[in-house]
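For reference, start.txt (compact mmCIF, N, CA and C atoms and all ligand atoms):
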# COMPACT_ATOMS: atom_id res chain seq x y z
N MET W 2 -26.24 -1.32 7.75
CA MET W 2 -25.53 -2.09 6.72
C MET W 2 -26.09 -1.74 5.34
N ALA W 3 -25.18 -1.80 4.37
CA ALA W 3 -25.60 -1.56 3.00
C ALA W 3 -24.69 -2.36 2.08
N ALA W 4 -25.16 -2.63 0.90
CA ALA W 4 -24.35 -3.38 -0.06
C ALA W 4 -23.48 -2.41 -0.84
N PHE W 5 -22.21 -2.70 -0.86
CA PHE W 5 -21.27 -1.89 -1.63
C PHE W 5 -20.57 -2.76 -2.64
N SER W 6 -20.35 -2.15 -3.79
CA SER W 6 -19.56 -2.80 -4.82
C SER W 6 -18.16 -2.20 -4.75
N ILE W 7 -17.17 -3.04 -4.64
CA ILE W 7 -15.82 -2.54 -4.48
C ILE W 7 -14.90 -3.30 -5.44
N LYS W 8 -14.08 -2.55 -6.17
CA LYS W 8 -13.23 -3.18 -7.17
C LYS W 8 -11.80 -3.24 -6.64
N VAL W 9 -11.30 -4.46 -6.47
CA VAL W 9 -9.97 -4.66 -5.89
C VAL W 9 -9.19 -5.62 -6.77
N ASN W 10 -8.01 -5.20 -7.15
CA ASN W 10 -7.10 -6.05 -7.94
C ASN W 10 -7.80 -6.62 -9.19
N GLY W 11 -8.62 -5.76 -9.79
CA GLY W 11 -9.26 -6.13 -11.06
C GLY W 11 -10.55 -6.92 -10.92
N LYS W 12 -10.96 -7.23 -9.68
CA LYS W 12 -12.20 -7.99 -9.50
C LYS W 12 -13.21 -7.15 -8.72
N THR W 13 -14.47 -7.26 -9.08
CA THR W 13 -15.51 -6.54 -8.36
C THR W 13 -16.13 -7.46 -7.32
N HIS W 14 -16.25 -6.94 -6.11
CA HIS W 14 -16.82 -7.70 -4.98
C HIS W 14 -18.01 -6.94 -4.42
N GLN W 15 -18.99 -7.68 -3.94
CA GLN W 15 -20.12 -7.08 -3.21
C GLN W 15 -19.88 -7.33 -1.73
N VAL W 16 -19.94 -6.27 -0.94
CA VAL W 16 -19.78 -6.45 0.50
C VAL W 16 -20.94 -5.77 1.22
N ASP W 17 -21.37 -6.37 2.30
CA ASP W 17 -22.48 -5.84 3.07
C ASP W 17 -21.93 -5.29 4.38
N VAL W 18 -21.70 -3.98 4.41
CA VAL W 18 -21.05 -3.36 5.57
C VAL W 18 -21.65 -1.97 5.82
N ASP W 19 -21.37 -1.42 6.99
CA ASP W 19 -21.74 -0.03 7.24
C ASP W 19 -20.93 0.88 6.31
N SER W 20 -21.54 1.99 5.91
CA SER W 20 -20.89 2.86 4.93
C SER W 20 -19.59 3.49 5.45
N ASP W 21 -19.47 3.58 6.79
CA ASP W 21 -18.25 4.19 7.33
C ASP W 21 -17.18 3.15 7.68
N THR W 22 -17.39 1.91 7.29
CA THR W 22 -16.37 0.88 7.55
C THR W 22 -15.09 1.22 6.79
N PRO W 23 -13.96 1.26 7.48
CA PRO W 23 -12.72 1.55 6.77
C PRO W 23 -12.40 0.49 5.71
N VAL W 24 -11.86 0.95 4.60
CA VAL W 24 -11.51 0.04 3.51
C VAL W 24 -10.60 -1.09 4.02
N LEU W 25 -9.70 -0.76 4.94
CA LEU W 25 -8.78 -1.77 5.46
C LEU W 25 -9.52 -2.99 5.98
N TRP W 26 -10.61 -2.77 6.70
CA TRP W 26 -11.34 -3.90 7.30
C TRP W 26 -12.14 -4.65 6.26
N VAL W 27 -12.57 -3.96 5.23
CA VAL W 27 -13.24 -4.67 4.14
C VAL W 27 -12.24 -5.59 3.45
N LEU W 28 -11.04 -5.07 3.20
CA LEU W 28 -10.00 -5.88 2.56
C LEU W 28 -9.66 -7.10 3.42
N ARG W 29 -9.38 -6.85 4.69
CA ARG W 29 -8.86 -7.93 5.54
C ARG W 29 -9.96 -8.90 5.98
N ASP W 30 -11.08 -8.36 6.46
CA ASP W 30 -12.09 -9.23 7.07
C ASP W 30 -13.07 -9.81 6.06
N HIS W 31 -13.38 -9.06 5.02
CA HIS W 31 -14.40 -9.53 4.08
C HIS W 31 -13.77 -10.19 2.86
N LEU W 32 -12.68 -9.62 2.36
CA LEU W 32 -12.08 -10.17 1.14
C LEU W 32 -10.87 -11.06 1.45
N LYS W 33 -10.48 -11.12 2.73
CA LYS W 33 -9.35 -11.96 3.17
C LYS W 33 -8.04 -11.60 2.48
N LEU W 34 -7.91 -10.34 2.14
CA LEU W 34 -6.65 -9.83 1.57
C LEU W 34 -5.86 -9.25 2.75
N VAL W 35 -5.10 -10.09 3.41
CA VAL W 35 -4.48 -9.70 4.68
C VAL W 35 -3.04 -9.19 4.52
N GLY W 36 -2.62 -9.01 3.28
CA GLY W 36 -1.29 -8.42 3.07
C GLY W 36 -1.23 -6.98 3.54
N THR W 37 -2.34 -6.28 3.49
CA THR W 37 -2.41 -4.90 3.95
C THR W 37 -2.58 -4.91 5.47
N LYS W 38 -1.72 -4.19 6.15
CA LYS W 38 -1.64 -4.31 7.61
C LYS W 38 -2.27 -3.14 8.36
N PHE W 39 -2.70 -3.43 9.58
CA PHE W 39 -3.17 -2.41 10.52
C PHE W 39 -2.01 -2.03 11.42
N GLY W 40 -1.70 -0.74 11.46
CA GLY W 40 -0.66 -0.27 12.38
C GLY W 40 -1.23 0.65 13.43
N CYS W 41 -1.73 1.79 12.99
CA CYS W 41 -2.18 2.81 13.95
C CYS W 41 -3.69 3.07 13.87
N GLY W 42 -4.26 2.92 12.69
CA GLY W 42 -5.69 3.18 12.53
C GLY W 42 -6.06 4.64 12.42
N ILE W 43 -5.07 5.52 12.42
CA ILE W 43 -5.36 6.96 12.36
C ILE W 43 -4.54 7.65 11.27
N ALA W 44 -4.20 6.93 10.22
CA ALA W 44 -3.51 7.49 9.05
C ALA W 44 -2.15 8.08 9.37
N SER W 45 -1.48 7.50 10.39
CA SER W 45 -0.19 8.08 10.79
C SER W 45 1.03 7.22 10.51
N CYS W 46 0.85 5.94 10.16
CA CYS W 46 2.04 5.07 10.05
C CYS W 46 2.30 4.53 8.66
N GLY W 47 1.26 4.42 7.83
CA GLY W 47 1.43 3.96 6.45
C GLY W 47 1.37 2.46 6.25
N ALA W 48 1.20 1.68 7.32
CA ALA W 48 1.17 0.22 7.17
C ALA W 48 0.03 -0.25 6.27
N CYS W 49 -1.03 0.53 6.21
CA CYS W 49 -2.24 0.12 5.49
C CYS W 49 -2.31 0.69 4.08
N THR W 50 -1.18 1.16 3.55
CA THR W 50 -1.19 1.85 2.25
C THR W 50 -1.58 0.90 1.11
N ILE W 51 -2.51 1.36 0.31
CA ILE W 51 -2.90 0.67 -0.93
C ILE W 51 -2.97 1.74 -2.02
N HIS W 52 -3.33 1.33 -3.23
CA HIS W 52 -3.53 2.30 -4.31
C HIS W 52 -5.02 2.45 -4.59
N ALA W 53 -5.45 3.68 -4.80
CA ALA W 53 -6.80 3.96 -5.27
C ALA W 53 -6.64 4.81 -6.53
N ASP W 54 -7.04 4.22 -7.65
CA ASP W 54 -6.82 4.87 -8.96
C ASP W 54 -5.35 5.28 -9.12
N GLY W 55 -4.46 4.45 -8.64
CA GLY W 55 -3.02 4.67 -8.81
C GLY W 55 -2.37 5.54 -7.76
N ASN W 56 -3.16 6.12 -6.88
CA ASN W 56 -2.59 6.97 -5.83
C ASN W 56 -2.48 6.20 -4.52
N ALA W 57 -1.39 6.44 -3.79
CA ALA W 57 -1.22 5.78 -2.49
C ALA W 57 -2.20 6.41 -1.50
N ILE W 58 -2.98 5.54 -0.85
CA ILE W 58 -3.92 6.04 0.17
C ILE W 58 -3.81 5.16 1.42
N ARG W 59 -4.28 5.68 2.53
CA ARG W 59 -4.24 4.94 3.79
C ARG W 59 -5.61 4.33 4.05
N SER W 60 -5.67 3.04 3.87
CA SER W 60 -6.97 2.37 3.86
C SER W 60 -7.63 2.29 5.23
N CYS W 61 -6.87 2.57 6.30
CA CYS W 61 -7.47 2.51 7.64
C CYS W 61 -8.41 3.67 7.89
N SER W 62 -8.23 4.74 7.12
CA SER W 62 -8.96 5.97 7.42
C SER W 62 -9.90 6.41 6.30
N LEU W 63 -10.10 5.54 5.35
CA LEU W 63 -10.98 5.88 4.24
C LEU W 63 -12.20 4.96 4.29
N PRO W 64 -13.41 5.54 4.38
CA PRO W 64 -14.60 4.68 4.43
C PRO W 64 -14.88 4.01 3.09
N VAL W 65 -15.44 2.85 3.18
CA VAL W 65 -15.73 2.10 1.96
C VAL W 65 -16.63 2.89 1.01
N SER W 66 -17.48 3.74 1.56
CA SER W 66 -18.39 4.53 0.71
C SER W 66 -17.63 5.50 -0.19
N ALA W 67 -16.38 5.82 0.17
CA ALA W 67 -15.61 6.80 -0.61
C ALA W 67 -14.88 6.18 -1.80
N VAL W 68 -14.87 4.86 -1.88
CA VAL W 68 -14.06 4.23 -2.93
C VAL W 68 -14.89 3.42 -3.92
N LYS W 69 -16.19 3.62 -3.90
CA LYS W 69 -17.01 2.71 -4.70
C LYS W 69 -16.79 2.82 -6.21
N ASP W 70 -16.29 3.95 -6.67
CA ASP W 70 -16.03 4.05 -8.11
C ASP W 70 -14.54 3.98 -8.44
N MET W 71 -13.75 3.56 -7.47
CA MET W 71 -12.29 3.56 -7.69
C MET W 71 -11.76 2.16 -7.94
N GLU W 72 -10.62 2.13 -8.62
CA GLU W 72 -9.89 0.87 -8.81
C GLU W 72 -8.88 0.77 -7.69
N LEU W 73 -9.07 -0.21 -6.82
CA LEU W 73 -8.13 -0.39 -5.71
C LEU W 73 -7.12 -1.48 -6.04
N THR W 74 -5.90 -1.26 -5.58
CA THR W 74 -4.86 -2.29 -5.74
C THR W 74 -4.21 -2.50 -4.38
N THR W 75 -4.10 -3.76 -3.99
CA THR W 75 -3.41 -4.10 -2.74
C THR W 75 -2.08 -4.76 -3.10
N ILE W 76 -1.29 -5.06 -2.09
CA ILE W 76 -0.01 -5.71 -2.33
C ILE W 76 -0.21 -7.02 -3.10
N GLU W 77 -1.34 -7.68 -2.87
CA GLU W 77 -1.58 -8.95 -3.57
C GLU W 77 -1.77 -8.75 -5.07
N GLY W 78 -2.17 -7.53 -5.45
CA GLY W 78 -2.45 -7.28 -6.87
C GLY W 78 -1.42 -6.40 -7.55
N LEU W 79 -0.35 -6.06 -6.84
CA LEU W 79 0.63 -5.15 -7.43
C LEU W 79 1.29 -5.76 -8.65
N SER W 80 1.52 -7.06 -8.62
CA SER W 80 2.09 -7.75 -9.78
C SER W 80 1.56 -9.17 -9.78
N LYS W 81 1.75 -9.83 -10.91
CA LYS W 81 1.20 -11.18 -11.03
C LYS W 81 2.00 -12.18 -10.19
N ASP W 82 3.32 -12.06 -10.27
CA ASP W 82 4.17 -13.06 -9.61
C ASP W 82 5.17 -12.43 -8.65
N GLY W 83 4.82 -11.31 -8.06
CA GLY W 83 5.77 -10.66 -7.16
C GLY W 83 6.94 -10.06 -7.91
N ASP W 84 6.72 -9.76 -9.19
CA ASP W 84 7.84 -9.31 -10.02
C ASP W 84 7.75 -7.82 -10.40
N HIS W 85 7.00 -7.07 -9.63
CA HIS W 85 7.03 -5.61 -9.85
C HIS W 85 8.45 -5.14 -9.55
N PRO W 86 8.97 -4.16 -10.30
CA PRO W 86 10.34 -3.70 -10.06
C PRO W 86 10.63 -3.32 -8.61
N VAL W 87 9.64 -2.76 -7.93
CA VAL W 87 9.86 -2.41 -6.52
C VAL W 87 9.99 -3.68 -5.68
N GLN W 88 9.18 -4.66 -5.94
CA GLN W 88 9.28 -5.92 -5.18
C GLN W 88 10.62 -6.60 -5.44
N GLU W 89 11.06 -6.58 -6.70
CA GLU W 89 12.35 -7.21 -7.01
C GLU W 89 13.49 -6.47 -6.33
N ALA W 90 13.42 -5.15 -6.32
CA ALA W 90 14.47 -4.36 -5.66
C ALA W 90 14.45 -4.61 -4.15
N TRP W 91 13.27 -4.81 -3.59
CA TRP W 91 13.15 -5.10 -2.15
C TRP W 91 13.88 -6.40 -1.81
N LEU W 92 13.72 -7.38 -2.70
CA LEU W 92 14.40 -8.66 -2.48
C LEU W 92 15.91 -8.49 -2.65
N GLU W 93 16.28 -7.78 -3.69
CA GLU W 93 17.72 -7.59 -3.97
C GLU W 93 18.42 -6.94 -2.78
N HIS W 94 17.76 -5.99 -2.15
CA HIS W 94 18.38 -5.27 -1.03
C HIS W 94 18.03 -5.88 0.33
N ASP W 95 17.27 -6.99 0.30
CA ASP W 95 16.93 -7.68 1.56
C ASP W 95 16.36 -6.66 2.57
N VAL W 96 15.38 -5.90 2.11
CA VAL W 96 14.91 -4.76 2.90
C VAL W 96 14.25 -5.13 4.23
N PRO W 97 13.31 -6.08 4.27
CA PRO W 97 12.54 -6.24 5.51
C PRO W 97 13.36 -6.77 6.67
N GLN W 98 12.94 -6.38 7.86
CA GLN W 98 13.46 -7.03 9.06
C GLN W 98 12.29 -7.83 9.63
N CYS W 99 11.42 -7.21 10.42
CA CYS W 99 10.24 -7.98 10.86
C CYS W 99 9.22 -8.10 9.73
N GLY W 100 9.18 -7.12 8.83
CA GLY W 100 8.33 -7.21 7.65
C GLY W 100 6.97 -6.58 7.77
N TYR W 101 6.55 -6.23 8.98
CA TYR W 101 5.16 -5.82 9.17
C TYR W 101 4.76 -4.62 8.33
N CYS W 102 5.62 -3.63 8.24
CA CYS W 102 5.27 -2.39 7.54
C CYS W 102 5.52 -2.45 6.04
N GLN W 103 6.13 -3.56 5.57
CA GLN W 103 6.73 -3.54 4.24
C GLN W 103 5.74 -3.49 3.09
N ALA W 104 4.57 -4.10 3.26
CA ALA W 104 3.58 -4.00 2.17
C ALA W 104 3.21 -2.53 1.94
N GLY W 105 3.02 -1.81 3.03
CA GLY W 105 2.70 -0.39 2.92
C GLY W 105 3.85 0.40 2.32
N GLN W 106 5.07 0.04 2.71
CA GLN W 106 6.24 0.72 2.15
C GLN W 106 6.31 0.50 0.64
N ILE W 107 6.13 -0.74 0.24
CA ILE W 107 6.22 -1.09 -1.19
C ILE W 107 5.12 -0.39 -1.98
N MET W 108 3.92 -0.38 -1.45
CA MET W 108 2.82 0.25 -2.18
C MET W 108 3.04 1.76 -2.31
N ASN W 109 3.55 2.37 -1.25
CA ASN W 109 3.83 3.81 -1.34
C ASN W 109 4.95 4.07 -2.35
N ALA W 110 6.00 3.25 -2.30
CA ALA W 110 7.12 3.43 -3.23
C ALA W 110 6.68 3.22 -4.67
N ALA W 111 5.86 2.23 -4.91
CA ALA W 111 5.42 1.94 -6.28
C ALA W 111 4.59 3.10 -6.84
N ALA W 112 3.69 3.64 -6.03
CA ALA W 112 2.87 4.78 -6.50
C ALA W 112 3.76 6.00 -6.73
N PHE W 113 4.72 6.20 -5.85
CA PHE W 113 5.64 7.34 -5.99
C PHE W 113 6.44 7.23 -7.29
N LEU W 114 6.99 6.05 -7.58
CA LEU W 114 7.82 5.91 -8.78
C LEU W 114 7.00 6.02 -10.07
N GLU W 115 5.72 5.75 -9.99
CA GLU W 115 4.86 5.96 -11.17
C GLU W 115 4.81 7.45 -11.53
N LYS W 116 4.94 8.29 -10.51
CA LYS W 116 4.84 9.74 -10.74
C LYS W 116 6.21 10.37 -10.91
N ASN W 117 7.23 9.73 -10.39
CA ASN W 117 8.60 10.28 -10.46
C ASN W 117 9.56 9.12 -10.69
N SER W 118 9.91 8.90 -11.93
CA SER W 118 10.68 7.69 -12.26
C SER W 118 12.18 7.87 -12.03
N ASN W 119 12.60 9.08 -11.73
CA ASN W 119 14.03 9.31 -11.51
C ASN W 119 14.23 10.25 -10.31
N PRO W 120 13.84 9.78 -9.13
CA PRO W 120 13.82 10.69 -7.97
C PRO W 120 15.20 10.90 -7.35
N SER W 121 15.37 12.05 -6.75
CA SER W 121 16.58 12.33 -5.98
C SER W 121 16.43 11.69 -4.60
N ASP W 122 17.54 11.63 -3.85
CA ASP W 122 17.49 11.11 -2.48
C ASP W 122 16.48 11.89 -1.65
N GLU W 123 16.50 13.20 -1.82
CA GLU W 123 15.59 14.04 -1.03
C GLU W 123 14.13 13.77 -1.40
N GLU W 124 13.86 13.60 -2.68
CA GLU W 124 12.48 13.31 -3.09
C GLU W 124 12.03 11.96 -2.54
N ILE W 125 12.92 10.98 -2.53
CA ILE W 125 12.57 9.67 -1.95
C ILE W 125 12.27 9.83 -0.47
N SER W 126 13.13 10.54 0.23
CA SER W 126 12.91 10.72 1.68
C SER W 126 11.60 11.42 1.94
N GLN W 127 11.31 12.44 1.16
CA GLN W 127 10.05 13.17 1.35
C GLN W 127 8.85 12.26 1.09
N ALA W 128 8.92 11.51 -0.01
CA ALA W 128 7.78 10.67 -0.40
C ALA W 128 7.53 9.57 0.62
N MET W 129 8.61 9.04 1.22
CA MET W 129 8.47 7.90 2.12
C MET W 129 8.40 8.32 3.59
N ASN W 130 8.47 9.60 3.82
CA ASN W 130 8.56 10.14 5.17
C ASN W 130 7.47 9.65 6.12
N GLY W 131 6.27 9.46 5.62
CA GLY W 131 5.15 9.09 6.48
C GLY W 131 4.98 7.60 6.70
N ASN W 132 5.83 6.80 6.08
CA ASN W 132 5.74 5.35 6.26
C ASN W 132 6.76 4.93 7.32
N ILE W 133 6.25 4.55 8.46
CA ILE W 133 7.13 4.29 9.61
C ILE W 133 7.55 2.81 9.64
N CYS W 134 8.83 2.61 9.95
CA CYS W 134 9.37 1.26 10.12
C CYS W 134 10.02 1.18 11.49
N ARG W 135 9.45 0.36 12.36
CA ARG W 135 10.00 0.27 13.73
C ARG W 135 11.37 -0.41 13.75
N CYS W 136 11.68 -1.18 12.71
CA CYS W 136 13.00 -1.84 12.66
C CYS W 136 14.06 -0.90 12.08
N GLY W 137 13.64 0.22 11.53
CA GLY W 137 14.61 1.18 11.00
C GLY W 137 15.27 0.74 9.71
N THR W 138 14.48 0.19 8.79
CA THR W 138 15.05 -0.28 7.52
C THR W 138 15.14 0.84 6.47
N TYR W 139 15.10 2.05 6.91
CA TYR W 139 14.99 3.19 5.98
C TYR W 139 16.12 3.26 4.95
N ILE W 140 17.34 2.94 5.37
CA ILE W 140 18.45 3.04 4.42
C ILE W 140 18.25 2.03 3.29
N ARG W 141 17.86 0.81 3.64
CA ARG W 141 17.64 -0.20 2.59
C ARG W 141 16.42 0.15 1.74
N ILE W 142 15.41 0.73 2.35
CA ILE W 142 14.23 1.16 1.58
C ILE W 142 14.67 2.17 0.52
N ASN W 143 15.46 3.15 0.92
CA ASN W 143 15.90 4.17 -0.03
C ASN W 143 16.77 3.56 -1.13
N GLN W 144 17.64 2.62 -0.76
CA GLN W 144 18.48 1.97 -1.77
C GLN W 144 17.62 1.18 -2.75
N ALA W 145 16.63 0.48 -2.24
CA ALA W 145 15.77 -0.33 -3.11
C ALA W 145 14.98 0.55 -4.06
N ILE W 146 14.51 1.69 -3.58
CA ILE W 146 13.76 2.59 -4.46
C ILE W 146 14.67 3.10 -5.57
N LYS W 147 15.91 3.39 -5.25
CA LYS W 147 16.84 3.84 -6.29
C LYS W 147 17.09 2.73 -7.31
N THR W 148 17.22 1.51 -6.83
CA THR W 148 17.41 0.39 -7.76
C THR W 148 16.17 0.22 -8.65
N ALA W 149 15.00 0.29 -8.05
CA ALA W 149 13.77 0.13 -8.83
C ALA W 149 13.62 1.24 -9.86
N ALA W 150 14.16 2.40 -9.56
CA ALA W 150 14.03 3.55 -10.48
C ALA W 150 15.04 3.47 -11.62
N SER W 151 16.10 2.69 -11.44
CA SER W 151 17.18 2.74 -12.44
C SER W 151 16.91 1.82 -13.62
FE1 LIG W 201 -3.34 3.18 8.48
FE2 LIG W 201 -1.36 3.37 10.28
S1 LIG W 201 -2.78 1.73 9.98
S2 LIG W 201 -1.79 4.69 8.60
Please re-express this file's structure in structure tokens.
Ligand code: FES
Amino acid sequence: MAAFSIKVNGKTHQVDVDSDTPVLWVLRDHLKLVGTKFGCGIASCGACTIHADGNAIRSCSLPVSAVKDMELTTIEGLSKDGDHPVQEAWLEHDVPQCGYCQAGQIMNAAAFLEKNSNPSDEEISQAMNGNICRCGTYIRINQAIKTAAS
């Protein structure tokens, strides 16, 4: 165990964990930020997507020791009142079905739109390709991203 300083949603936290503890478990178990979900644990589904210095990353597969100088953002910190354009578009298009993967979908979409504010359908599909939704909400996800971009 070692003490790590981790900055999440604008606040610095001290956590006492093994250096190889995945960021996802620090968020969920230590900081009680449970909006970020566990799906596969092997960086294959995207449910655990958060931002690190503005880039979408898979928190299940990144050790806490790798993020000590980074600014992390989780779904809880994406906006103050759930009013990020991506979140509003998600509501407008009634995107979720079961909802489990949606925090990861939203975080990936938000990071993508920061880099490409006017994406084509193909660019959206490529960017979101690795975020799996077992309910198959992909069409609504793509529509919501287009709305958020407009
Ligand atoms: Fe991290 Fe699936 S839980 S990618």
Cut-off 6 Å, only N, CA and C atoms and all ligand atoms, neighbours of ligand LIG 201 (chain W) as a PyMOL selection string: chain W and resi 38-50+59-62
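Each of W:Ile7, W:Gln127, W:Asn119, W:Gln98 was compared to W:Leu32 using only C-alpha atoms, and W:Ile7 turns out to be the nearest.
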Taking the DSSP secondary structure from the backbone, can you list the residues of stretch 6-149 of chain W that are helix (DSSP H, G or I), as a VMD selection string? chain W and resid 24 to 31 65 to 67 76 to 78 86 to 93 103 to 116 122 to 129 139 to 149
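Among the residues of chain W, backbone DSSP assigns strand (DSSP E) to Ala3, Ala4, Phe5, Ser6, Ile7, Lys8, Val9, Lys12, Thr13, His14, Gln15, Val16, Asp17, Val18, Thr50, Ile51, His52, Ala53, Asn56, Ala57, Ile58, Arg59, Glu72, Leu73 and Thr74 of chain W.
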Distance query W:Ser126 at most 12 Å, only C-alpha atoms, self and fewer than 3 positions along chain excluded, as a tab-separated table (two decimals) with N, CA and C atoms, keeping the file's coordinate frame:
chain	number	residue	atom	x	y	z
W	109	ASN	N	3.55	2.37	-1.25
W	109	ASN	CA	3.83	3.81	-1.34
W	109	ASN	C	4.95	4.07	-2.35
W	110	ALA	N	6.00	3.25	-2.30
W	110	ALA	CA	7.12	3.43	-3.23
W	110	ALA	C	6.68	3.22	-4.67
W	113	PHE	N	4.72	6.20	-5.85
W	113	PHE	CA	5.64	7.34	-5.99
W	113	PHE	C	6.44	7.23	-7.29
W	120	PRO	N	13.84	9.78	-9.13
W	120	PRO	CA	13.82	10.69	-7.97
W	120	PRO	C	15.20	10.90	-7.35
W	121	SER	N	15.37	12.05	-6.75
W	121	SER	CA	16.58	12.33	-5.98
W	121	SER	C	16.43	11.69	-4.60
W	122	ASP	N	17.54	11.63	-3.85
W	122	ASP	CA	17.49	11.11	-2.48
W	122	ASP	C	16.48	11.89	-1.65
W	123	GLU	N	16.50	13.20	-1.82
W	123	GLU	CA	15.59	14.04	-1.03
W	123	GLU	C	14.13	13.77	-1.40
W	129	MET	N	8.61	9.04	1.22
W	129	MET	CA	8.47	7.90	2.12
W	129	MET	C	8.40	8.32	3.59
W	130	ASN	N	8.47	9.60	3.82
W	130	ASN	CA	8.56	10.14	5.17
W	130	ASN	C	7.47	9.65	6.12
W	131	GLY	N	6.27	9.46	5.62
W	131	GLY	CA	5.15	9.09	6.48
W	131	GLY	C	4.98	7.60	6.70
W	132	ASN	N	5.83	6.80	6.08
W	132	ASN	CA	5.74	5.35	6.26
W	132	ASN	C	6.76	4.93	7.32
W	133	ILE	N	6.25	4.55	8.46
W	133	ILE	CA	7.13	4.29	9.61
W	133	ILE	C	7.55	2.81	9.64
W	139	TYR	N	15.10	2.05	6.91
W	139	TYR	CA	14.99	3.19	5.98
W	139	TYR	C	16.12	3.26	4.95
W	140	ILE	N	17.34	2.94	5.37
W	140	ILE	CA	18.45	3.04	4.42
W	140	ILE	C	18.25	2.03	3.29
W	141	ARG	N	17.86	0.81	3.64
W	141	ARG	CA	17.64	-0.20	2.59
W	141	ARG	C	16.42	0.15	1.74
W	142	ILE	N	15.41	0.73	2.35
W	142	ILE	CA	14.23	1.16	1.58
W	142	ILE	C	14.67	2.17	0.52
W	143	ASN	N	15.46	3.15	0.92
W	143	ASN	CA	15.90	4.17	-0.03
W	143	ASN	C	16.77	3.56	-1.13
W	144	GLN	N	17.64	2.62	-0.76
W	144	GLN	CA	18.48	1.97	-1.77
W	144	GLN	C	17.62	1.18	-2.75
W	146	ILE	N	14.51	1.69	-3.58
W	146	ILE	CA	13.76	2.59	-4.46
W	146	ILE	C	14.67	3.10	-5.57
W	147	LYS	N	15.91	3.39	-5.25
W	147	LYS	CA	16.84	3.84	-6.29
W	147	LYS	C	17.09	2.73	-7.31
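The two atoms in question, atom CA of W:His52 and atom C of W:Ala111, are spaced 8.5 Å apart.
Between atom CA of W:Val27 and atom CA of W:Ile58 the interatomic distance comes to 14.7 Å.
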